[in-house]
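Colleague: Compact mmCIF, C-alpha atoms, file start.txt:
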# COMPACT_ATOMS: atom_id res chain seq x y z
CA MET E 1 0.00 0.00 0.00
CA THR E 2 2.99 2.31 0.48
CA ALA E 3 3.10 3.32 -3.20
CA LEU E 4 -0.63 4.09 -3.40
CA PRO E 5 -1.92 7.70 -3.22
CA SER E 6 -2.82 8.69 0.33
CA ALA E 7 -5.95 10.52 -0.86
CA ARG E 8 -7.67 7.31 -1.93
CA THR E 9 -10.46 6.12 0.33
CA LEU E 10 -10.35 2.48 1.38
CA ASP E 11 -13.39 1.60 -0.73
CA ASP E 12 -11.25 2.35 -3.81
CA LEU E 13 -8.84 -0.47 -2.90
CA THR E 14 -9.23 -4.23 -3.27
CA MET E 15 -8.04 -5.93 -0.09
CA PRO E 16 -8.04 -9.68 0.49
CA GLY E 17 -9.35 -10.91 3.82
CA THR E 18 -9.85 -14.13 5.74
CA HIS E 19 -12.96 -15.58 7.37
CA ASN E 20 -12.41 -16.55 11.02
CA THR E 21 -8.84 -15.34 10.65
CA CYS E 22 -7.42 -17.15 13.69
CA ALA E 23 -9.37 -20.42 13.34
CA LEU E 24 -6.52 -22.92 12.99
CA ILE E 25 -7.88 -25.42 15.54
CA GLY E 26 -10.53 -27.71 14.08
CA GLY E 27 -12.13 -29.44 17.04
CA PRO E 28 -14.48 -32.42 16.42
CA PHE E 29 -14.58 -33.45 12.74
CA ASP E 30 -12.28 -30.48 11.97
CA THR E 31 -15.35 -28.29 11.41
CA ALA E 32 -13.92 -25.19 13.14
CA LYS E 33 -10.68 -24.95 11.17
CA CYS E 34 -10.87 -22.22 8.52
CA GLN E 35 -7.19 -21.33 8.01
CA SER E 36 -3.84 -23.05 7.65
CA LEU E 37 -1.66 -19.92 8.01
CA THR E 38 -0.98 -18.02 11.22
CA LEU E 39 -1.93 -14.35 11.46
CA PRO E 40 1.65 -13.11 10.84
CA GLU E 41 1.87 -15.41 7.81
CA GLN E 42 -1.43 -14.09 6.46
CA LEU E 43 -0.32 -10.48 6.88
CA ALA E 44 2.98 -11.24 5.14
CA ARG E 45 1.05 -12.66 2.18
CA GLY E 46 -1.15 -9.60 1.75
CA VAL E 47 -4.24 -10.29 3.87
CA ARG E 48 -5.56 -6.93 5.10
CA TYR E 49 -9.12 -7.65 6.33
CA LEU E 50 -9.25 -9.70 9.53
CA ASP E 51 -12.28 -11.44 11.02
CA ILE E 52 -11.66 -11.67 14.78
CA ARG E 53 -14.09 -13.54 17.10
CA CYS E 54 -13.73 -12.71 20.81
CA ARG E 55 -15.17 -14.54 23.81
CA PRO E 56 -15.31 -12.53 27.06
CA PHE E 57 -13.68 -14.83 29.62
CA ASP E 58 -12.25 -14.02 33.04
CA GLY E 59 -11.95 -10.31 32.27
CA ALA E 60 -10.28 -10.72 28.88
CA PHE E 61 -10.98 -11.92 25.33
CA THR E 62 -10.14 -15.41 24.15
CA ILE E 63 -10.31 -16.18 20.43
CA HIS E 64 -12.97 -18.68 19.42
CA HIS E 65 -14.70 -20.24 16.45
CA GLY E 66 -17.96 -21.26 18.03
CA ALA E 67 -17.17 -23.36 21.08
CA ILE E 68 -13.62 -24.13 19.95
CA TYR E 69 -10.91 -22.11 21.71
CA GLN E 70 -8.19 -21.24 19.21
CA ARG E 71 -5.37 -21.13 21.79
CA ARG E 72 -4.93 -17.42 21.21
CA ASN E 73 -6.12 -14.35 23.02
CA PHE E 74 -6.99 -10.90 21.71
CA HIS E 75 -3.73 -9.55 23.11
CA ASP E 76 -1.85 -11.98 20.85
CA VAL E 77 -3.83 -10.74 17.83
CA LEU E 78 -3.15 -7.09 18.59
CA THR E 79 0.53 -7.76 19.28
CA ASP E 80 0.91 -9.44 15.88
CA CYS E 81 -0.83 -6.52 14.16
CA ARG E 82 1.30 -3.97 16.01
CA ALA E 83 4.50 -5.79 15.00
CA PHE E 84 3.41 -5.87 11.35
CA LEU E 85 2.42 -2.19 11.26
CA THR E 86 5.61 -1.14 13.02
CA ALA E 87 7.63 -2.92 10.33
CA ASN E 88 5.31 -1.69 7.55
CA PRO E 89 4.05 1.79 8.49
CA GLY E 90 2.67 2.46 5.01
CA GLU E 91 0.09 -0.33 5.37
CA THR E 92 -3.28 -0.48 7.11
CA ILE E 93 -5.32 -3.37 8.49
CA LEU E 94 -9.10 -3.60 8.69
CA MET E 95 -10.29 -5.64 11.66
CA SER E 96 -13.83 -6.88 12.15
CA VAL E 97 -14.44 -7.58 15.86
CA GLN E 98 -17.42 -9.48 17.22
CA LYS E 99 -18.55 -11.45 20.27
CA GLU E 100 -18.39 -15.24 19.91
CA HIS E 101 -19.66 -18.14 22.04
CA SER E 102 -20.83 -15.93 24.88
CA ASP E 103 -24.01 -14.50 26.36
CA ALA E 104 -22.12 -11.69 28.10
CA PRO E 105 -23.94 -8.34 27.90
CA ALA E 106 -22.84 -5.91 25.21
CA ALA E 107 -21.81 -3.44 27.91
CA GLU E 108 -19.40 -5.99 29.42
CA PHE E 109 -17.87 -6.70 26.01
CA ALA E 110 -17.38 -2.97 25.39
CA ARG E 111 -15.91 -2.47 28.89
CA ILE E 112 -13.26 -5.15 28.37
CA PHE E 113 -12.40 -3.78 24.93
CA HIS E 114 -11.95 -0.24 26.25
CA ASP E 115 -10.52 -0.81 29.71
CA VAL E 116 -8.31 -3.83 29.16
CA TYR E 117 -7.05 -3.48 25.60
CA LEU E 118 -7.26 0.20 24.70
CA ARG E 119 -6.33 1.56 28.13
CA ASP E 120 -4.41 -1.02 30.19
CA HIS E 121 -2.53 -2.65 27.30
CA GLU E 122 -2.17 0.70 25.52
CA PHE E 123 -3.44 -0.32 22.08
CA GLU E 124 -5.63 2.78 21.69
CA ARG E 125 -3.16 4.60 19.44
CA TRP E 126 -3.01 1.67 17.03
CA PHE E 127 -6.72 1.89 16.25
CA HIS E 128 -8.69 4.15 13.95
CA ARG E 129 -12.18 4.06 15.47
CA ALA E 130 -13.82 7.13 13.93
CA PRO E 131 -17.40 6.24 12.93
CA GLY E 132 -19.58 7.36 10.06
CA ARG E 133 -17.09 7.68 7.18
CA ILE E 134 -14.75 5.44 5.18
CA PRO E 135 -11.28 6.93 5.80
CA THR E 136 -8.57 7.70 3.30
CA LEU E 137 -5.48 5.55 3.18
CA GLY E 138 -3.41 8.49 4.37
CA GLU E 139 -5.50 8.79 7.52
CA VAL E 140 -4.97 5.18 8.54
CA ARG E 141 -1.48 4.19 7.44
CA GLY E 142 0.16 2.29 10.28
CA ARG E 143 -3.15 1.72 12.08
CA ILE E 144 -6.00 -0.77 12.48
CA VAL E 145 -9.37 0.34 11.10
CA LEU E 146 -12.01 -1.12 13.40
CA VAL E 147 -15.12 -2.62 11.80
CA ALA E 148 -17.50 -3.20 14.70
CA LYS E 149 -19.93 -6.09 14.91
CA ALA E 150 -20.42 -5.27 18.60
CA PRO E 151 -21.98 -2.08 20.00
CA GLY E 152 -20.13 0.44 22.11
CA ILE E 153 -16.59 -0.09 20.80
CA GLY E 154 -16.50 2.63 18.12
CA GLY E 155 -15.33 2.17 14.55
CA LEU E 156 -17.28 1.52 11.36
CA ASP E 157 -20.65 -0.07 12.06
CA ARG E 158 -20.81 -3.38 10.20
CA TYR E 159 -24.61 -3.05 10.01
CA ASP E 160 -24.68 0.48 8.57
CA GLY E 161 -25.70 -0.03 4.95
CA ASN E 162 -24.51 3.47 4.06
CA LEU E 163 -20.96 2.50 5.03
CA LEU E 164 -20.65 -1.18 4.18
CA SER E 165 -22.24 -3.39 1.56
CA VAL E 166 -21.84 -6.96 2.82
CA GLN E 167 -22.52 -10.37 1.30
CA ASP E 168 -22.25 -13.01 4.02
CA GLU E 169 -24.67 -15.78 3.03
CA TRP E 170 -22.82 -18.39 5.06
CA THR E 171 -25.33 -21.27 4.97
CA LEU E 172 -25.79 -21.67 1.21
CA PRO E 173 -24.91 -24.76 -0.83
CA THR E 174 -21.70 -24.17 -2.74
CA ALA E 175 -23.24 -23.45 -6.16
CA ARG E 176 -25.69 -20.90 -4.72
CA LYS E 177 -22.93 -19.34 -2.65
CA TRP E 178 -20.86 -18.83 -5.78
CA ASP E 179 -23.81 -17.11 -7.44
CA ALA E 180 -24.25 -14.82 -4.41
CA PHE E 181 -20.56 -13.95 -4.48
CA GLN E 182 -20.59 -13.14 -8.20
CA HIS E 183 -23.76 -11.06 -7.89
CA HIS E 184 -22.27 -8.97 -5.09
CA LEU E 185 -19.02 -8.55 -7.02
CA ASP E 186 -20.88 -7.31 -10.11
CA THR E 187 -23.16 -5.03 -8.07
CA SER E 188 -20.21 -3.52 -6.21
CA ALA E 189 -18.29 -2.93 -9.43
CA ALA E 190 -21.26 -1.12 -10.97
CA GLU E 191 -21.78 0.93 -7.82
CA GLY E 192 -18.10 1.72 -7.30
CA PRO E 193 -17.74 5.10 -9.04
CA HIS E 194 -20.89 6.47 -7.40
CA THR E 195 -20.45 5.64 -3.72
CA THR E 196 -17.98 5.46 -0.85
CA ARG E 197 -19.39 2.25 0.60
CA LEU E 198 -16.92 -0.48 1.45
CA ALA E 199 -17.93 -3.72 -0.28
CA VAL E 200 -17.23 -6.85 1.80
CA ASN E 201 -17.79 -10.11 -0.09
CA TYR E 202 -17.41 -13.34 1.89
CA LEU E 203 -16.68 -16.62 0.10
CA SER E 204 -17.17 -18.72 3.23
CA THR E 205 -20.13 -21.05 3.64
CA THR E 206 -21.24 -24.15 5.52
CA GLY E 207 -22.76 -25.63 2.39
CA GLY E 208 -26.03 -26.22 4.19
CA ASP E 209 -24.57 -29.44 5.64
CA LEU E 210 -25.22 -30.81 9.13
CA ILE E 211 -21.47 -31.29 9.62
CA PRO E 212 -19.75 -28.59 7.56
CA TYR E 213 -16.20 -29.12 6.35
CA PRO E 214 -14.54 -25.79 5.45
CA ARG E 215 -11.69 -27.30 3.45
CA ARG E 216 -14.12 -28.95 1.03
CA TYR E 217 -15.94 -25.68 0.36
CA ALA E 218 -12.65 -23.84 -0.12
Kindly return the structure encoded in the file as structure tokens.

Modeller:
Amino acid sequence: MTALPSARTLDDLTMPGTHNTCALIGGPFDTAKCQSLTLPEQLARGVRYLDIRCRPFDGAFTIHHGAIYQRRNFHDVLTDCRAFLTANPGETILMSVQKEHSDAPAAEFARIFHDVYLRDHEFERWFHRAPGRIPTLGEVRGRIVLVAKAPGIGGLDRYDGNLLSVQDEWTLPTARKWDAFQHHLDTSAAEGPHTTRLAVNYLSTTGGDLIPYPRRYA
């Protein structure tokens, strides 16, 4: 991204991302494993949109895919991102953050995010959490752009249709999922010159199966 004009807004860039970015542990039948590369390896290969699932547990966030603990905590995720951005200050990372495998109140999730990670662990300065507008690349070089799927933590609201156009039909059979992906791609391309919405187009699905197997759908 270093060579790109700083005046470009992020919706003018095409950035690869990963679904359930940290899901390397499969659990029973290997159904929870979505990736084979670690987060640093993904970043080194050009992944710039991260899908991070946090479970509030004992005053902190553990990383989960459903019930399966991924043997990583949110501090590990942020440390990896900080190391990458320190070494590559011309880059930016988009990070979708959501609650996973927990019935903790939204206020408790937001409190841990703010008090533990932004304040106590001093990650505040690494985040761009301004709501309501897709930023320019120049505004967010060397920082993490927060895409919030949880209330009260700031950032771009994942559910604001004026900011993000999202295709995430994750239960479709493979052929129908491919159609949904292509339709969103074509719609976003046609819309591109006339809007500043960020188009997010997920390829992930469960295929409609009782026991989904991510590797087969990939």

Colleague: Find the residues around Leu156 (chain E) up to 9 Å (all atoms listed in the file counted), leave out those fewer than 2 positions away in its own chain, and share them as a ChimeraX atom specification.

Modeller: /E:129-134,145-149,154,158-160,163-164

Colleague: Could you tell me how far CA of Ala60 (chain E) lies from CA of Gln35 (chain E), in Å and to one decimal?

Modeller: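 Atom-to-atom, CA of Ala60 (chain E) to CA of Gln35 (chain E), that is 23.6 Å.
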
Colleague: With distances taken over all atoms listed in the file, which residue among E:Thr31, E:Thr136, E:Gln42, E:Gln98 lies nearest Thr18 (chain E)?

Modeller: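 Going through E:Thr31, E:Thr136, E:Gln42, E:Gln98 one by one, the smallest distance to Thr18 (chain E) is for E:Gln42.
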
Colleague: Nearest residue to Pro105 (chain E) out of E:Ala150, E:Leu24, E:Leu85, E:Ile63, using only C-alpha atoms?

Modeller: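 Nearest to Pro105 (chain E): E:Ala150.
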
Colleague: Which residue gives the smallest distance to Phe127 (chain E) among E:Ala67, E:Leu78, E:Ala104, E:Ile112, with all atoms listed in the file counted?

Modeller: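 Of E:Ala67, E:Leu78, E:Ala104, E:Ile112, the one nearest Phe127 (chain E) is E:Leu78, counting all atoms listed in the file.
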
Colleague: Could you tell me which of E:Thr206, E:Asn201, E:Gln182, E:Ser36 comes closest to Tyr49 (chain E) if we count all atoms listed in the file?

Modeller: E:Asn201

Colleague: Which residues, written as a list of chain:residue names, have at least one atom at most 10 Å from His101 (chain E), with only C-alpha atoms counted and residues fewer than 5 positions away on the same chain left out?

Modeller: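 The contact residues come out as E:Arg53, E:Cys54, E:Arg55, E:Pro56, E:Ile63, E:His64, E:His65, E:Gly66, E:Ala67, E:Ile68, E:Tyr69.
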
Colleague: Kindly give the distance, in Å, that separates CA of Glu100 (chain E) and CA of Thr21 (chain E), rounded to a single decimal.

Modeller: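 Separation of CA of Glu100 (chain E) and CA of Thr21 (chain E): 13.3 Å.
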
Colleague: Pick the closest to Glu41 (chain E) from E:Phe84, E:Phe61, E:Phe29, E:Trp178: which is it, counting only C-alpha atoms?

Modeller: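 Counting only C-alpha atoms, the residue closest to Glu41 (chain E) is E:Phe84.
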
Colleague: Please provide the set of residues having any atom within 9 Å of Ser188 (chain E), restricted to all atoms listed in the file, with same-chain residues fewer than 6 positions apart removed, written as a list in words.

Modeller: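 My reading of the contact set: Ser165, Arg197, Leu198 and Ala199 of chain E.
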